[in-house]
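J.: Below is the file data-v5.pdb, which contains PDB, C-alpha atoms.
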```pdb
ATOM      1  CA  MET A   1       0.000   0.000   0.000  1.00  0.00           C
ATOM      2  CA  SER A   2       1.381   3.359  -0.899  1.00  0.00           C
ATOM      3  CA  LEU A   3       1.399   6.520   1.167  1.00  0.00           C
ATOM      4  CA  ILE A   4      -1.797   7.944  -0.285  1.00  0.00           C
ATOM      5  CA  ASN A   5      -5.057   7.889   1.610  1.00  0.00           C
ATOM      6  CA  GLN A   6      -6.048   4.221   1.666  1.00  0.00           C
ATOM      7  CA  SER A   7      -9.040   4.416   4.018  1.00  0.00           C
ATOM      8  CA  ALA A   8     -11.456   3.476   1.172  1.00  0.00           C
ATOM      9  CA  ARG A   9      -9.886  -0.007   0.985  1.00  0.00           C
ATOM     10  CA  PHE A  10     -11.307  -0.724   4.428  1.00  0.00           C
ATOM     11  CA  ASN A  11     -14.805  -0.590   2.876  1.00  0.00           C
ATOM     12  CA  ASN A  12     -13.918  -3.317   0.359  1.00  0.00           C
ATOM     13  CA  SER A  13     -14.502  -6.905   1.558  1.00  0.00           C
ATOM     14  CA  LYS A  14     -11.734  -8.140  -0.791  1.00  0.00           C
ATOM     15  CA  PHE A  15      -9.179  -6.365   1.369  1.00  0.00           C
ATOM     16  CA  ALA A  16     -10.626  -5.850   4.845  1.00  0.00           C
ATOM     17  CA  ARG A  17     -11.864  -8.301   7.465  1.00  0.00           C
ATOM     18  CA  LYS A  18     -12.813  -8.152  11.124  1.00  0.00           C
ATOM     19  CA  VAL A  19     -10.175  -9.413  13.544  1.00  0.00           C
ATOM     20  CA  LYS A  20     -10.238  -9.882  17.295  1.00  0.00           C
ATOM     21  CA  VAL A  21      -7.740  -7.835  19.270  1.00  0.00           C
ATOM     22  CA  LYS A  22      -6.818  -8.621  22.873  1.00  0.00           C
ATOM     23  CA  ARG A  23      -5.541  -5.548  24.707  1.00  0.00           C
ATOM     24  CA  LEU A  24      -3.749  -6.065  28.013  1.00  0.00           C
ATOM     25  CA  ASN A  25      -5.154  -4.057  30.900  1.00  0.00           C
ATOM     26  CA  GLY A  26      -3.722  -4.054  34.386  1.00  0.00           C
ATOM     27  CA  GLU A  27      -0.424  -3.688  36.116  1.00  0.00           C
ATOM     28  CA  HIS A  28       2.543  -5.531  37.496  1.00  0.00           C
ATOM     29  CA  SER A  29       3.517  -5.061  41.112  1.00  0.00           C
ATOM     30  CA  ALA A  30       5.664  -6.752  43.741  1.00  0.00           C
ATOM     31  CA  SER A  31       2.674  -8.920  44.682  1.00  0.00           C
ATOM     32  CA  GLY A  32       2.304 -10.213  41.104  1.00  0.00           C
ATOM     33  CA  PHE A  33       0.277  -9.496  38.017  1.00  0.00           C
ATOM     34  CA  ASN A  34      -3.172  -7.988  38.181  1.00  0.00           C
ATOM     35  CA  ALA A  35      -3.887  -8.008  34.467  1.00  0.00           C
ATOM     36  CA  ASP A  36      -6.396  -9.343  31.994  1.00  0.00           C
ATOM     37  CA  TYR A  37      -7.156  -9.000  28.309  1.00  0.00           C
ATOM     38  CA  GLN A  38      -9.956  -6.810  26.978  1.00  0.00           C
ATOM     39  CA  GLU A  39     -11.294  -8.124  23.652  1.00  0.00           C
ATOM     40  CA  LEU A  40     -12.016  -5.722  20.793  1.00  0.00           C
ATOM     41  CA  GLU A  41     -13.138  -6.306  17.231  1.00  0.00           C
ATOM     42  CA  LEU A  42     -11.510  -4.113  14.587  1.00  0.00           C
ATOM     43  CA  LEU A  43     -11.554  -3.858  10.815  1.00  0.00           C
ATOM     44  CA  ALA A  44      -8.126  -4.742   9.419  1.00  0.00           C
ATOM     45  CA  ILE A  45      -6.223  -5.550   6.266  1.00  0.00           C
ATOM     46  CA  VAL A  46      -3.818  -8.404   6.968  1.00  0.00           C
ATOM     47  CA  MET A  47      -0.878  -9.198   4.675  1.00  0.00           C
ATOM     48  CA  PRO A  48       2.314 -11.250   4.900  1.00  0.00           C
ATOM     49  CA  THR A  49       5.477  -9.370   5.766  1.00  0.00           C
ATOM     50  CA  THR A  50       8.203  -8.758   3.218  1.00  0.00           C
ATOM     51  CA  HIS A  51      11.939  -9.098   3.673  1.00  0.00           C
ATOM     52  CA  ASN A  52      12.217  -5.349   4.263  1.00  0.00           C
ATOM     53  CA  ASP A  53       9.491  -5.498   6.921  1.00  0.00           C
ATOM     54  CA  MET A  54      11.431  -8.189   8.749  1.00  0.00           C
ATOM     55  CA  LEU A  55      14.417  -5.851   9.057  1.00  0.00           C
ATOM     56  CA  LEU A  56      12.310  -3.621  11.315  1.00  0.00           C
ATOM     57  CA  LEU A  57      12.028  -6.410  13.892  1.00  0.00           C
ATOM     58  CA  ASN A  58      14.594  -7.287  16.546  1.00  0.00           C
ATOM     59  CA  GLU A  59      17.021  -9.950  15.390  1.00  0.00           C
ATOM     60  CA  GLN A  60      15.651 -12.658  17.692  1.00  0.00           C
ATOM     61  CA  GLU A  61      12.132 -12.149  16.293  1.00  0.00           C
ATOM     62  CA  ARG A  62      12.948 -12.253  12.576  1.00  0.00           C
ATOM     63  CA  TYR A  63      12.573 -16.027  12.277  1.00  0.00           C
ATOM     64  CA  LEU A  64       9.044 -16.053  13.722  1.00  0.00           C
ATOM     65  CA  PRO A  65       5.985 -16.064  11.433  1.00  0.00           C
ATOM     66  CA  SER A  66       4.805 -12.461  11.119  1.00  0.00           C
ATOM     67  CA  LEU A  67       2.099 -10.329   9.512  1.00  0.00           C
ATOM     68  CA  LYS A  68       1.526  -6.710   8.508  1.00  0.00           C
ATOM     69  CA  ILE A  69      -1.723  -5.479   9.986  1.00  0.00           C
ATOM     70  CA  TYR A  70      -3.308  -2.266   8.705  1.00  0.00           C
ATOM     71  CA  THR A  71      -6.086  -0.738  10.835  1.00  0.00           C
ATOM     72  CA  LEU A  72      -8.107   2.458  10.989  1.00  0.00           C
ATOM     73  CA  GLU A  73      -7.326   2.784  14.716  1.00  0.00           C
ATOM     74  CA  PRO A  74      -3.816   2.468  16.145  1.00  0.00           C
ATOM     75  CA  LEU A  75      -2.919  -0.675  18.060  1.00  0.00           C
ATOM     76  CA  ASN A  76      -0.508  -0.791  21.004  1.00  0.00           C
ATOM     77  CA  ILE A  77       2.740  -2.685  21.263  1.00  0.00           C
ATOM     78  CA  GLY A  78       1.831  -5.898  23.068  1.00  0.00           C
ATOM     79  CA  ASP A  79      -1.719  -6.172  21.687  1.00  0.00           C
ATOM     80  CA  LEU A  80      -2.621  -9.641  20.429  1.00  0.00           C
ATOM     81  CA  VAL A  81      -4.349  -9.933  17.048  1.00  0.00           C
ATOM     82  CA  CYS A  82      -6.140 -13.225  16.386  1.00  0.00           C
ATOM     83  CA  PHE A  83      -5.824 -14.238  12.726  1.00  0.00           C
ATOM     84  CA  ARG A  84      -6.690 -17.691  11.363  1.00  0.00           C
ATOM     85  CA  GLY A  85      -6.562 -19.309  14.793  1.00  0.00           C
ATOM     86  CA  ASN A  86      -3.193 -17.865  15.843  1.00  0.00           C
ATOM     87  CA  ASP A  87      -2.342 -14.879  18.001  1.00  0.00           C
ATOM     88  CA  TYR A  88       0.142 -12.321  16.694  1.00  0.00           C
ATOM     89  CA  LYS A  89       1.758  -9.931  19.163  1.00  0.00           C
ATOM     90  CA  ILE A  90       2.247  -6.379  17.896  1.00  0.00           C
ATOM     91  CA  LYS A  91       5.967  -5.554  17.930  1.00  0.00           C
ATOM     92  CA  GLU A  92       6.331  -2.573  15.560  1.00  0.00           C
ATOM     93  CA  LEU A  93       4.123   0.442  14.884  1.00  0.00           C
ATOM     94  CA  ALA A  94       4.130   2.975  12.077  1.00  0.00           C
ATOM     95  CA  GLN A  95       2.126   6.167  12.584  1.00  0.00           C
ATOM     96  CA  TRP A  96       0.541   6.609   9.159  1.00  0.00           C
ATOM     97  CA  GLY A  97      -2.716   8.100  10.461  1.00  0.00           C
ATOM     98  CA  ASP A  98      -2.422  11.028   8.037  1.00  0.00           C
ATOM     99  CA  TYR A  99      -2.881   8.539   5.199  1.00  0.00           C
ATOM    100  CA  GLY A 100      -6.060   6.992   6.613  1.00  0.00           C
ATOM    101  CA  TYR A 101      -4.605   3.910   8.311  1.00  0.00           C
ATOM    102  CA  TYR A 102      -2.040   2.586  10.789  1.00  0.00           C
ATOM    103  CA  ASN A 103       0.571  -0.044   9.960  1.00  0.00           C
ATOM    104  CA  GLN A 104       1.633  -2.602  12.554  1.00  0.00           C
ATOM    105  CA  ILE A 105       3.799  -5.728  12.451  1.00  0.00           C
ATOM    106  CA  GLY A 106       2.830  -8.691  14.599  1.00  0.00           C
ATOM    107  CA  VAL A 107       4.805 -11.873  15.251  1.00  0.00           C
ATOM    108  CA  ARG A 108       3.265 -15.205  16.209  1.00  0.00           C
ATOM    109  CA  HIS A 109       2.698 -15.381  19.952  1.00  0.00           C
ATOM    110  CA  SER A 110       3.253 -18.644  21.756  1.00  0.00           C
ATOM    111  CA  PRO A 111       0.226 -19.826  23.783  1.00  0.00           C
ATOM    112  CA  THR A 112       2.532 -20.640  26.700  1.00  0.00           C
ATOM    113  CA  ALA A 113       3.731 -17.029  27.009  1.00  0.00           C
ATOM    114  CA  LYS A 114       1.036 -15.883  29.397  1.00  0.00           C
ATOM    115  CA  VAL A 115       1.133 -12.590  31.232  1.00  0.00           C
ATOM    116  CA  ASP A 116       0.278 -14.231  34.561  1.00  0.00           C
ATOM    117  CA  SER A 117       2.807 -17.065  34.373  1.00  0.00           C
ATOM    118  CA  ASN A 118       4.568 -17.693  37.675  1.00  0.00           C
ATOM    119  CA  GLY A 119       7.342 -19.687  36.044  1.00  0.00           C
ATOM    120  CA  PHE A 120       8.573 -22.942  37.517  1.00  0.00           C
ATOM    121  CA  THR A 121       8.480 -24.031  41.146  1.00  0.00           C
ATOM    122  CA  VAL A 122      11.967 -24.843  42.379  1.00  0.00           C
ATOM    123  CA  THR A 123      12.054 -27.854  44.693  1.00  0.00           C
TER     124      THR A 123
END
```
Mind converting the file's structure to structure tokens?
T.:
Amino acid sequence: MSLINQSARFNNSKFARKVKVKRLNGEHSASGFNADYQELELLAIVMPTTHNDMLLLNEQERYLPSLKIYTLEPLNIGDLVCFRGNDYKIKELAQWGDYGYYNQIGVRHSPTAKVDSNGFTVT
């Protein structure tokens, strides 16, 4: 997608689809996590990442499956986007709101990486 106003593409069912977004709410303190996910439904255009997109990610995340996610509303780093049965954690944001959309990159999120994990019990 080029840097011209692309907001009209979000009205076309060939490009756009509704996706579920899980946004983390809460806090971390010395007593543990008090956090949960709030579920939202947003209109998005989802595309595979290119080689150049992968260069924006940290080196340790470049091997993970990833997607470009265009939305009309900005997402936050750490939001989870559910696409085709997998969760993708938003790692990179591009503020292209002047062009009618926001560009985010999400990498596949492991189901064992939970926010409230207490780790292992040492015996």
J.: Residue by residue, what does the PyMOL selection byres ((chain A and resi 26) around 7) grab here? Present the result as a count of residues only.
T.: 6
J.: Distance CA of Ile90 in chain A-CA of Tyr102 in chain A, one decimal place?
T.: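 Atom-to-atom, CA of Ile90 in chain A and CA of Tyr102 in chain A are spaced 12.2 Å apart.
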J.: Record the distance separating CA of Leu80 in chain A and CA of Gly106 in chain A, expressed in Å with one decimal.
T.: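 So the two atoms, CA of Leu80 in chain A and CA of Gly106 in chain A, lie 8.0 Å apart.
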J.: Considering all atoms listed in the file, can you say which of A:Phe10, A:Trp96, A:Tyr101, A:Tyr70 comes closest to Met47 in chain A?
T.: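 Under the stated criterion, the closest residue is A:Tyr70.
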J.: I need the residue nearest Glu73 in chain A from this list: A:Gln104, A:Asn58, A:Asn86, A:Tyr37. Use all atoms listed in the file for the distance.
T.: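 Among A:Gln104, A:Asn58, A:Asn86, A:Tyr37, it is A:Gln104 that comes nearest to Glu73 in chain A.
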J.: What do you get, as a list of chain:residue names, if you spell out every residue that the PyMOL selection byres ((chain A and resi 18) around 6) selects here?
T.: A:Arg17, A:Val19, A:Leu42, A:Leu43
J.: Counting all atoms listed in the file, which residues sit no farther than 9 Å from the position (-9.2, -14.7, 20.8) in the file's frame? I'd like them as a PyMOL selection string.
T.: chain A and resi 20-22+39+80-83+85-87
J.: What does the structure give for the distance between CA of Leu72 in chain A and CA of His51 in chain A, in Å to one decimal?
T.: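 Interatomic distance, CA of Leu72 in chain A to CA of His51 in chain A: 24.3 Å.
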J.: Could you tell me, as a list in words, exactly which residues end up selected when the PyMOL selection byres ((chain A and resi 69) around 7) is applied to this structure?
T.: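 That expression, the PyMOL selection byres ((chain A and resi 69) around 7), corresponds here to Ala44, Ile45, Val46, Met47, Leu67, Lys68, Tyr70, Thr71, Asn103, Gln104 and Ile105 of chain A.
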